[in-house]
Amino acid sequence: MAQELKYTSCDHCWNADSLGNHRALVSFEGTGKIAKVKLWWRRRDEQPQLKRIIVQDAQTQKQITNVLVLAVNREFGEIVFEPSPGKGSYYIYYMPY
């Protein structure tokens, strides 16, 4: 299902040194144990597929450890993760410098 993307800027909302320069907020409202997200971006960095992707529960700030990155390139990233504790919001951090 396509969603309208809202872009905002926030200084000092998270530690970019350890998490990444950018983050996406995604919502999981499903009933299953697997969430799949496709993030559209315009990355100018070289070899984005070699850089970390971090998924974090937005409420508890706990890192989700069961994550599989299906594809990362300069146009998009496709990520599958186990939404623990379930329904809710998750941060996806990318582009660590």
# chains A, B, ... in the order shown; residues from 1 in each chain; ligands from 1

$ residues_around --residues "range 72-78 of chain A" --least-positions-apart "6" --cutoff "8 Å" --atoms "only C-alpha atoms" --output "tab-separated table (two decimals) with C-alpha atoms, in the first residue's frame"
chain	number	residue	atom	x	y	z
A	36	LYS	CA	8.36	-5.67	5.04
A	37	VAL	CA	9.13	-2.12	4.06
A	38	LYS	CA	10.44	-0.50	0.90
A	39	LEU	CA	12.02	2.91	1.50
A	40	TRP	CA	12.46	5.18	-1.49
A	41	TRP	CA	15.44	7.52	-1.22
A	42	ARG	CA	18.03	9.34	-3.31
A	43	ARG	CA	21.36	8.29	-1.90
A	44	ARG	CA	24.50	9.83	-3.31
A	45	ASP	CA	26.91	7.76	-1.25
A	47	GLN	CA	28.15	1.47	-2.31
A	48	PRO	CA	25.10	1.99	-0.05
A	49	GLN	CA	24.63	-1.80	0.07

$ residues_around --residues "range 60-69 of chain A" --least-positions-apart "6" --cutoff "8 Å" --atoms "only C-alpha atoms" --output "ChimeraX atom specification"
/A:53-54,77-84

$ residues_around --residues "Tyr90 in chain A" --least-positions-apart "6" --cutoff "7 Å" --atoms "only C-alpha atoms" --output "number ranges by chain"
A: 25-27, 55-58

$ write_last_selection --atoms "N, CA, C and O atoms" --output "PDB file, in the first residue's frame"
ATOM      1  N   LEU A  25      10.402   6.728   9.794  1.00  0.00           N
ATOM      2  CA  LEU A  25       9.432   6.242  10.764  1.00  0.00           C
ATOM      3  C   LEU A  25       8.405   5.426   9.990  1.00  0.00           C
ATOM      4  O   LEU A  25       7.759   5.935   9.074  1.00  0.00           O
ATOM      5  N   VAL A  26       8.282   4.143  10.334  1.00  0.00           N
ATOM      6  CA  VAL A  26       7.315   3.275   9.669  1.00  0.00           C
ATOM      7  C   VAL A  26       6.363   2.716  10.712  1.00  0.00           C
ATOM      8  O   VAL A  26       6.721   2.546  11.882  1.00  0.00           O
ATOM      9  N   SER A  27       5.139   2.443  10.290  1.00  0.00           N
ATOM     10  CA  SER A  27       4.127   1.869  11.177  1.00  0.00           C
ATOM     11  C   SER A  27       3.803   0.459  10.728  1.00  0.00           C
ATOM     12  O   SER A  27       3.663   0.204   9.536  1.00  0.00           O
ATOM     13  N   VAL A  55      17.141  -1.128  12.698  1.00  0.00           N
ATOM     14  CA  VAL A  55      15.707  -1.020  12.965  1.00  0.00           C
ATOM     15  C   VAL A  55      15.529  -0.965  14.475  1.00  0.00           C
ATOM     16  O   VAL A  55      16.141  -1.745  15.209  1.00  0.00           O
ATOM     17  N   GLN A  56      14.685  -0.037  14.921  1.00  0.00           N
ATOM     18  CA  GLN A  56      14.508   0.204  16.357  1.00  0.00           C
ATOM     19  C   GLN A  56      13.032   0.406  16.661  1.00  0.00           C
ATOM     20  O   GLN A  56      12.326   1.087  15.908  1.00  0.00           O
ATOM     21  N   ASP A  57      12.564  -0.168  17.756  1.00  0.00           N
ATOM     22  CA  ASP A  57      11.203   0.076  18.237  1.00  0.00           C
ATOM     23  C   ASP A  57      11.131   1.547  18.657  1.00  0.00           C
ATOM     24  O   ASP A  57      11.926   2.001  19.481  1.00  0.00           O
ATOM     25  N   ALA A  58      10.203   2.296  18.110  1.00  0.00           N
ATOM     26  CA  ALA A  58      10.125   3.740  18.382  1.00  0.00           C
ATOM     27  C   ALA A  58       9.721   4.034  19.820  1.00  0.00           C
ATOM     28  O   ALA A  58      10.125   5.049  20.377  1.00  0.00           O
TER      29      ALA A  58
END

$ residues_around --residues "Gly30 in chain A" --least-positions-apart "2" --cutoff "10 Å" --atoms "only C-alpha atoms" --output "count of residues only"
10

$ atom_distance --atom1 "CA of Leu70 in chain A" --atom2 "CA of Tyr91 in chain A"
17.3 Å
